[in-house]
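K.L.:
What follows is start_26.txt; its format and atoms are compact mmCIF, C-alpha atoms.
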```txt
# COMPACT_ATOMS: atom_id res chain seq x y z
CA MET A 102 109.84 68.27 39.84
CA LYS A 103 113.11 68.73 41.72
CA GLU A 104 111.18 70.44 44.50
CA ILE A 105 108.69 67.56 44.72
CA ILE A 106 111.50 65.01 44.93
CA GLN A 107 113.26 67.10 47.57
CA GLN A 108 110.08 67.20 49.64
CA TYR A 109 109.85 63.40 49.40
CA LEU A 110 113.48 62.98 50.49
CA GLU A 111 113.11 65.34 53.43
CA LYS A 112 109.85 63.68 54.50
CA HIS A 113 111.51 60.29 54.82
CA GLY A 114 115.07 61.31 55.63
CA PHE A 115 116.55 59.84 52.45
CA GLU A 116 119.59 61.24 50.65
CA ALA A 117 118.60 60.61 47.03
CA LEU A 118 115.90 59.09 44.83
CA CYS A 119 117.59 56.46 42.66
CA PRO A 120 114.80 54.43 40.99
CA LYS A 121 115.70 50.96 39.78
CA ALA A 122 112.12 49.65 39.55
CA VAL A 123 108.60 50.86 38.85
CA LEU A 124 105.81 49.08 40.74
CA PHE A 125 102.43 49.35 39.03
CA ASP A 126 99.02 48.69 40.48
CA MET A 127 96.91 46.70 38.01
CA ASP A 128 93.21 47.67 37.93
CA GLY A 129 92.68 51.26 36.87
CA VAL A 130 96.40 51.60 36.07
CA LEU A 131 97.36 48.91 33.58
CA TYR A 132 93.78 48.14 32.56
CA ASN A 133 90.62 50.23 32.33
CA SER A 134 88.94 47.56 34.41
CA MET A 135 87.37 49.39 37.33
CA PRO A 136 83.92 49.89 35.72
CA ASN A 137 83.67 46.11 35.25
CA HIS A 138 84.87 45.46 38.79
CA ALA A 139 82.21 47.82 40.13
CA ILE A 140 79.49 45.94 38.24
CA ALA A 141 80.81 42.57 39.40
CA TRP A 142 80.98 43.72 43.01
CA GLN A 143 77.40 44.99 42.98
CA ARG A 144 75.95 41.91 41.31
CA SER A 145 77.83 39.35 43.36
CA MET A 146 77.35 40.94 46.76
CA GLU A 147 73.62 41.33 46.13
CA MET A 148 73.45 37.52 46.00
CA PHE A 149 74.68 37.44 49.61
CA GLY A 150 72.41 40.23 50.86
CA ILE A 151 75.15 42.86 50.78
CA HIS A 152 74.40 46.26 49.24
CA MET A 153 77.55 47.50 47.53
CA THR A 154 77.53 50.64 45.40
CA GLU A 155 79.84 51.81 42.63
CA ALA A 156 81.27 54.31 45.11
CA ASP A 157 82.01 51.46 47.54
CA ALA A 158 83.88 49.60 44.80
CA TYR A 159 86.09 52.60 44.05
CA ALA A 160 86.60 53.44 47.72
CA THR A 161 87.89 49.93 48.50
CA GLU A 162 89.84 49.51 45.26
CA GLY A 163 93.24 47.95 45.79
CA ALA A 164 92.37 46.07 48.98
CA ARG A 165 92.33 42.28 49.03
CA GLY A 166 88.90 41.14 47.91
CA VAL A 167 88.38 38.97 50.98
CA ASP A 168 89.20 41.92 53.24
CA THR A 169 86.62 44.09 51.48
CA ILE A 170 83.99 41.37 51.85
CA ARG A 171 84.68 40.80 55.55
CA MET A 172 84.43 44.54 56.15
CA MET A 173 81.13 44.86 54.24
CA VAL A 174 79.59 41.84 55.99
CA LYS A 175 80.59 43.19 59.39
CA LYS A 176 79.24 46.64 58.56
CA GLN A 177 75.90 45.54 57.11
CA GLN A 178 75.17 42.21 58.82
CA GLY A 179 77.01 42.70 62.09
CA ARG A 180 78.84 39.39 61.92
CA ASP A 181 82.45 38.34 61.60
CA ILE A 182 83.20 35.83 58.86
CA ASP A 183 86.42 33.91 58.39
CA GLU A 184 88.63 34.11 55.32
CA ALA A 185 87.29 30.84 53.93
CA GLU A 186 83.70 32.14 53.80
CA ALA A 187 84.88 35.43 52.37
CA GLN A 188 86.82 33.53 49.71
CA LEU A 189 83.67 31.69 48.62
CA MET A 190 81.92 35.01 48.19
CA TYR A 191 84.93 36.44 46.36
CA ASP A 192 84.87 33.46 43.99
CA GLU A 193 81.38 34.58 42.91
CA LYS A 194 82.65 38.12 42.38
CA THR A 195 85.44 36.67 40.22
CA ARG A 196 82.92 34.67 38.20
CA GLN A 197 80.81 37.77 37.62
CA PHE A 198 83.86 39.79 36.55
CA HIS A 199 85.01 37.25 33.98
CA ALA A 200 81.49 37.02 32.54
CA LEU A 201 81.81 40.66 31.44
CA PRO A 202 83.58 41.79 28.23
CA GLU A 203 87.39 41.87 28.44
CA THR A 204 88.77 45.22 29.52
CA HIS A 205 91.27 47.24 27.51
CA ILE A 206 94.86 48.15 28.29
CA MET A 207 95.01 51.70 29.59
CA PRO A 208 96.12 54.18 26.90
CA GLY A 209 99.76 55.18 27.32
CA ILE A 210 100.81 52.07 29.24
CA PRO A 211 102.61 50.20 26.40
CA GLU A 212 104.63 53.33 25.56
CA LEU A 213 105.41 53.94 29.24
CA MET A 214 106.58 50.37 29.82
CA ALA A 215 108.81 50.54 26.73
CA GLN A 216 110.50 53.67 28.11
CA ILE A 217 111.00 52.14 31.56
CA ASN A 218 112.40 48.96 30.05
CA ALA A 219 114.75 50.96 27.81
CA ASN A 220 116.02 52.72 30.93
CA GLY A 221 117.04 49.33 32.34
CA MET A 222 114.54 49.51 35.20
CA THR A 223 112.63 46.52 36.56
CA ILE A 224 108.85 46.52 36.10
CA GLY A 225 106.70 45.00 38.83
CA VAL A 226 102.96 44.70 39.45
CA VAL A 227 101.40 44.94 42.91
CA THR A 228 97.73 43.98 42.91
CA GLY A 229 95.08 43.14 45.48
CA SER A 230 93.78 40.50 43.09
CA GLY A 231 94.80 36.87 43.14
CA GLN A 232 92.86 35.65 40.13
CA ARG A 233 94.98 33.36 37.95
CA PRO A 234 93.33 34.46 34.66
CA LEU A 235 94.34 38.05 35.39
CA ILE A 236 97.94 37.04 36.07
CA ASN A 237 97.95 35.08 32.82
CA ARG A 238 96.70 38.13 30.98
CA LEU A 239 99.44 40.30 32.50
CA MET A 240 102.02 37.93 31.07
CA LYS A 241 100.27 37.81 27.69
CA ASP A 242 100.04 41.58 27.40
CA PHE A 243 103.28 42.65 29.07
CA GLY A 244 105.53 39.59 28.92
CA ASP A 245 108.17 41.55 27.00
CA TYR A 246 108.68 43.78 30.02
CA LEU A 247 107.37 41.82 33.01
CA ASP A 248 108.64 38.68 34.73
CA GLU A 249 106.03 36.71 36.69
CA SER A 250 108.39 36.62 39.68
CA HIS A 251 107.92 40.39 39.93
CA ILE A 252 104.13 40.19 40.42
CA VAL A 253 102.70 40.57 43.94
CA THR A 254 99.16 39.26 44.42
CA ALA A 255 96.70 39.05 47.30
CA TYR A 256 98.13 35.65 48.20
CA ASP A 257 101.67 36.96 48.73
CA VAL A 258 100.75 39.02 51.79
CA LYS A 259 98.59 38.63 54.86
CA HIS A 260 97.79 42.32 55.11
CA GLY A 261 96.74 44.00 51.86
CA LYS A 262 96.53 47.66 50.89
CA PRO A 263 96.36 50.21 52.57
CA ASN A 264 99.04 48.45 54.63
CA PRO A 265 102.57 48.79 53.22
CA ASP A 266 103.09 45.02 53.01
CA PRO A 267 102.22 44.59 49.28
CA TYR A 268 104.68 47.26 48.19
CA LEU A 269 107.34 46.07 50.62
CA MET A 270 106.93 42.66 48.98
CA GLY A 271 107.19 44.39 45.60
CA LEU A 272 110.55 45.84 46.64
CA GLN A 273 111.70 42.41 47.75
CA LYS A 274 110.63 40.72 44.52
CA ALA A 275 112.26 43.46 42.44
CA GLY A 276 115.64 42.60 43.95
CA ASN A 277 115.50 43.45 47.65
CA LEU A 278 115.40 47.16 46.86
CA LYS A 279 115.24 50.04 49.31
CA PRO A 280 112.23 52.40 49.24
CA TRP A 281 114.21 55.17 47.52
CA GLU A 282 115.08 52.75 44.71
CA ALA A 283 111.53 52.42 43.35
CA ILE A 284 108.53 54.34 42.05
CA VAL A 285 104.90 53.38 42.72
CA VAL A 286 102.21 54.12 40.12
CA GLU A 287 98.72 53.97 41.64
CA ASN A 288 95.22 55.28 41.02
CA ALA A 289 93.28 54.43 44.20
CA PRO A 290 93.32 55.99 47.68
CA LEU A 291 94.11 52.70 49.44
CA GLY A 292 96.92 51.96 47.01
CA VAL A 293 98.40 55.44 47.36
CA LYS A 294 98.27 55.04 51.12
CA ALA A 295 100.08 51.71 50.84
CA GLY A 296 102.83 53.11 48.62
CA VAL A 297 103.35 56.07 50.94
CA ALA A 298 103.36 53.79 54.01
CA ALA A 299 106.13 51.78 52.32
CA ARG A 300 108.02 55.11 51.95
CA ILE A 301 108.23 54.77 48.16
CA PHE A 302 107.85 57.78 45.85
CA THR A 303 104.20 57.44 44.86
CA ILE A 304 102.64 58.79 41.68
CA ALA A 305 98.83 58.85 41.63
CA VAL A 306 97.30 58.80 38.15
CA ASN A 307 93.66 59.80 38.52
CA THR A 308 91.94 57.45 36.07
CA GLY A 309 88.73 57.20 38.12
CA PRO A 310 85.90 59.45 39.31
CA LEU A 311 87.49 60.66 42.54
CA PRO A 312 88.72 64.27 42.95
CA ASP A 313 92.49 64.80 42.88
CA ASP A 314 92.31 66.03 46.48
CA VAL A 315 91.35 62.53 47.67
CA LEU A 316 94.62 61.14 46.30
CA LYS A 317 96.63 64.09 47.60
CA ARG A 318 95.19 63.61 51.10
CA GLU A 319 96.48 60.04 51.15
CA GLY A 320 99.99 61.41 50.62
CA ALA A 321 100.63 61.02 46.87
CA ASP A 322 103.91 62.72 46.01
CA LEU A 323 102.62 63.60 42.55
CA VAL A 324 99.12 63.53 41.02
CA ILE A 325 98.78 63.23 37.22
CA SER A 326 95.57 63.35 35.19
CA ASP A 327 96.00 60.28 32.96
CA MET A 328 98.42 57.64 31.70
CA PRO A 329 99.27 59.29 28.34
CA THR A 330 100.37 62.40 30.25
CA LEU A 331 102.60 60.30 32.49
CA SER A 332 104.04 58.45 29.50
CA LYS A 333 104.77 61.62 27.54
CA GLY A 334 106.42 63.27 30.53
CA TRP A 335 108.33 60.27 31.90
CA HIS A 336 111.80 61.30 30.71
CA SER A 337 111.38 64.79 32.11
CA LEU A 338 110.29 63.32 35.46
CA PHE A 339 113.04 60.74 35.87
```
What does the file become when written as structure tokens?

P.N.:
Amino acid sequence: MKEIIQQYLEKHGFEALCPKAVLFDMDGVLYNSMPNHAIAWQRSMEMFGIHMTEADAYATEGARGVDTIRMMVKKQQGRDIDEAEAQLMYDEKTRQFHALPETHIMPGIPELMAQINANGMTIGVVTGSGQRPLINRLMKDFGDYLDESHIVTAYDVKHGKPNPDPYLMGLQKAGNLKPWEAIVVENAPLGVKAGVAARIFTIAVNTGPLPDDVLKREGADLVISDMPTLSKGWHSLF
């Protein structure tokens, strides 16, 4: 682990990694929600003449929903739509998602958050979603460890993942921290790319169907197989 941290420091020209906050992605990290999102994406986009596969859903995971829709419409229908039209389409995706059974908290997350909290570190969430019911659920499930002021949503930034903006906002909300003062926990290629672009030490936990190499190629400093493994090894890592 010391070698991995040293590689991170040399890559960015930092002197030390001194984490004061952990910034979690939400879907596929805190909740086992990606299968439901994939279903909702496919069903909703079909209503607008857009063919979206499960693979498309995982490939664009972490991006702002409206950005994904504008990209898919441009690609398949050859037209540019504004954010307002994309938002109407995203509202249907949201409706489809909430019509499905509630997703479960990812195994290992409660134990991991308890450890991070005991260490006196701030916990933040950086998500491409902006759905109020999901934010409410975050507070219901993790209110002992999470302050709502430390949540970054799609509506806090103009440019979503894979741009660094969401995680830069996460640093700001966590107390105007520097990149070397935080850890990112992600599961998706676009999210990993965003964390790395923000120059934050980025852990990729591969909770989805993609090969580890996909996450490594986006620059993840460390790739771990699942959340329980990360939770059990947290103290030895940091």

K.L.:
Check the smallest atom-to-atom distance from each of A:Ala185, A:Ala275, A:Val130, A:Val253 to Ser326 in chain A using only C-alpha atoms, then report the winner.

P.N.:
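For Ser326 in chain A, the nearest of the candidates is A:Val130.
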
K.L.:
Counting only C-alpha atoms, I want the residues whose atoms come within 12 Å of (86.1, 35.3, 31.4) in the file frame, returned as an NGL selection string.

P.N.:
:A and (137 or 194-204 or 232-235 or 237-238)

K.L.:
Fewer than 2 positions away in the same chain doesn't count, so skip those; otherwise give me all residues within 7 Å of Arg165 in chain A, counting all atoms listed in the file, as a compact mmCIF listing (two decimals) with C-alpha atoms, in the coordinates of the input.

P.N.:
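Writing the result to part30.txt gives the following:
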```
# COMPACT_ATOMS: atom_id res chain seq x y z
CA GLY A 163 93.24 47.95 45.79
CA VAL A 167 88.38 38.97 50.98
CA ASP A 168 89.20 41.92 53.24
CA THR A 169 86.62 44.09 51.48
CA GLY A 229 95.08 43.14 45.48
CA SER A 230 93.78 40.50 43.09
CA ALA A 255 96.70 39.05 47.30
CA GLY A 261 96.74 44.00 51.86
```

K.L.:
May I ask which of the residues A:His113, A:Tyr132, A:Ile301, A:Leu291 is the closest one to Gly209 in chain A, counting all atoms listed in the file?

P.N.:
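The answer is A:Tyr132, which sits nearest to Gly209 in chain A.
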
K.L.:
Please indicate the distance in Å from CA of Met102 in chain A to CA of Met328 in chain A, rounded to one decimal place.

P.N.:
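Computing the Euclidean distance for CA of Met102 in chain A and CA of Met328 in chain A yields 17.6 Å.
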
K.L.:
How many Å lie between CA of Thr254 in chain A and CA of Leu278 in chain A, rounded to one decimal?

P.N.:
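Calculated distance between CA of Thr254 in chain A and CA of Leu278 in chain A is 18.2 Å.
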
K.L.:
Considering only C-alpha atoms, can you say which of A:Val227, A:Asp192, A:Lys176, A:Val286 comes closest to Met214 in chain A?

P.N.:
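Nearest to Met214 in chain A: A:Val286.
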
K.L.:
Mind giving me the straight-line distance from CA of Gln143 in chain A to CA of Asp183 in chain A in Å, one decimal?

P.N.:
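Computing the Euclidean distance for CA of Gln143 in chain A and CA of Asp183 in chain A yields 21.0 Å.
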
K.L.:
Using only C-alpha atoms, determine which residues lie at most 9 Å from range 262-266 of chain A, disregarding the query and same-chain residues fewer than 4 positions distant; provide the list as a PDB file with C-alpha atoms, in the frame of the given file.

P.N.:
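Wrote it out as part_27.pdb, contents follow:
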```pdb
ATOM      1  CA  GLU A 162      89.840  49.510  45.260  1.00  0.00           C
ATOM      2  CA  GLY A 163      93.240  47.950  45.790  1.00  0.00           C
ATOM      3  CA  ALA A 164      92.370  46.070  48.980  1.00  0.00           C
ATOM      4  CA  ARG A 165      92.330  42.280  49.030  1.00  0.00           C
ATOM      5  CA  THR A 228      97.730  43.980  42.910  1.00  0.00           C
ATOM      6  CA  GLY A 229      95.080  43.140  45.480  1.00  0.00           C
ATOM      7  CA  VAL A 258     100.750  39.020  51.790  1.00  0.00           C
ATOM      8  CA  MET A 270     106.930  42.660  48.980  1.00  0.00           C
ATOM      9  CA  GLY A 271     107.190  44.390  45.600  1.00  0.00           C
ATOM     10  CA  PRO A 290      93.320  55.990  47.680  1.00  0.00           C
ATOM     11  CA  LEU A 291      94.110  52.700  49.440  1.00  0.00           C
ATOM     12  CA  GLY A 292      96.920  51.960  47.010  1.00  0.00           C
ATOM     13  CA  VAL A 293      98.400  55.440  47.360  1.00  0.00           C
ATOM     14  CA  LYS A 294      98.270  55.040  51.120  1.00  0.00           C
ATOM     15  CA  ALA A 295     100.080  51.710  50.840  1.00  0.00           C
ATOM     16  CA  GLY A 296     102.830  53.110  48.620  1.00  0.00           C
ATOM     17  CA  VAL A 297     103.350  56.070  50.940  1.00  0.00           C
ATOM     18  CA  ALA A 298     103.360  53.790  54.010  1.00  0.00           C
ATOM     19  CA  ALA A 299     106.130  51.780  52.320  1.00  0.00           C
ATOM     20  CA  ARG A 300     108.020  55.110  51.950  1.00  0.00           C
TER      21      ARG A 300
END
```

K.L.:
Take every atom of range 209-214 of chain A listed in the file, fit an axis-aligned box around them, add 8 Å per side, and give the centre and edge lengths in Å to one decimal as lines of an AutoDock Vina configuration file.

P.N.:
```
center_x = 103.2
center_y = 52.7
center_z = 27.7
size_x = 22.8
size_y = 21.0
size_z = 20.3
```

K.L.:
Looking at A:His152, A:His251, A:Arg144, A:Lys241, which one is nearest to Gly276 in chain A, with distances taken over only C-alpha atoms?

P.N.:
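Looking at the shortest contact to Gly276 in chain A, the residue is A:His251.
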
K.L.:
Residues around (92.2, 61.0, 38.3), cut-off 12 Å, counting all atoms listed in the file - what are they as a count of residues only?

P.N.:
29

K.L.:
Nearest to Ile140 in chain A among A:Leu269, A:Val174, A:Ile284, A:Ala156, with distances taken over only C-alpha atoms: which residue is it?

P.N.:
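Closest candidate: A:Ala156.
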
K.L.:
For Trp142 in chain A, which residue among A:Trp281, A:Tyr246, A:Tyr191, A:Tyr256 is the nearest when counting all atoms listed in the file?

P.N.:
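Distance minimum relative to Trp142 in chain A lands on A:Tyr191.
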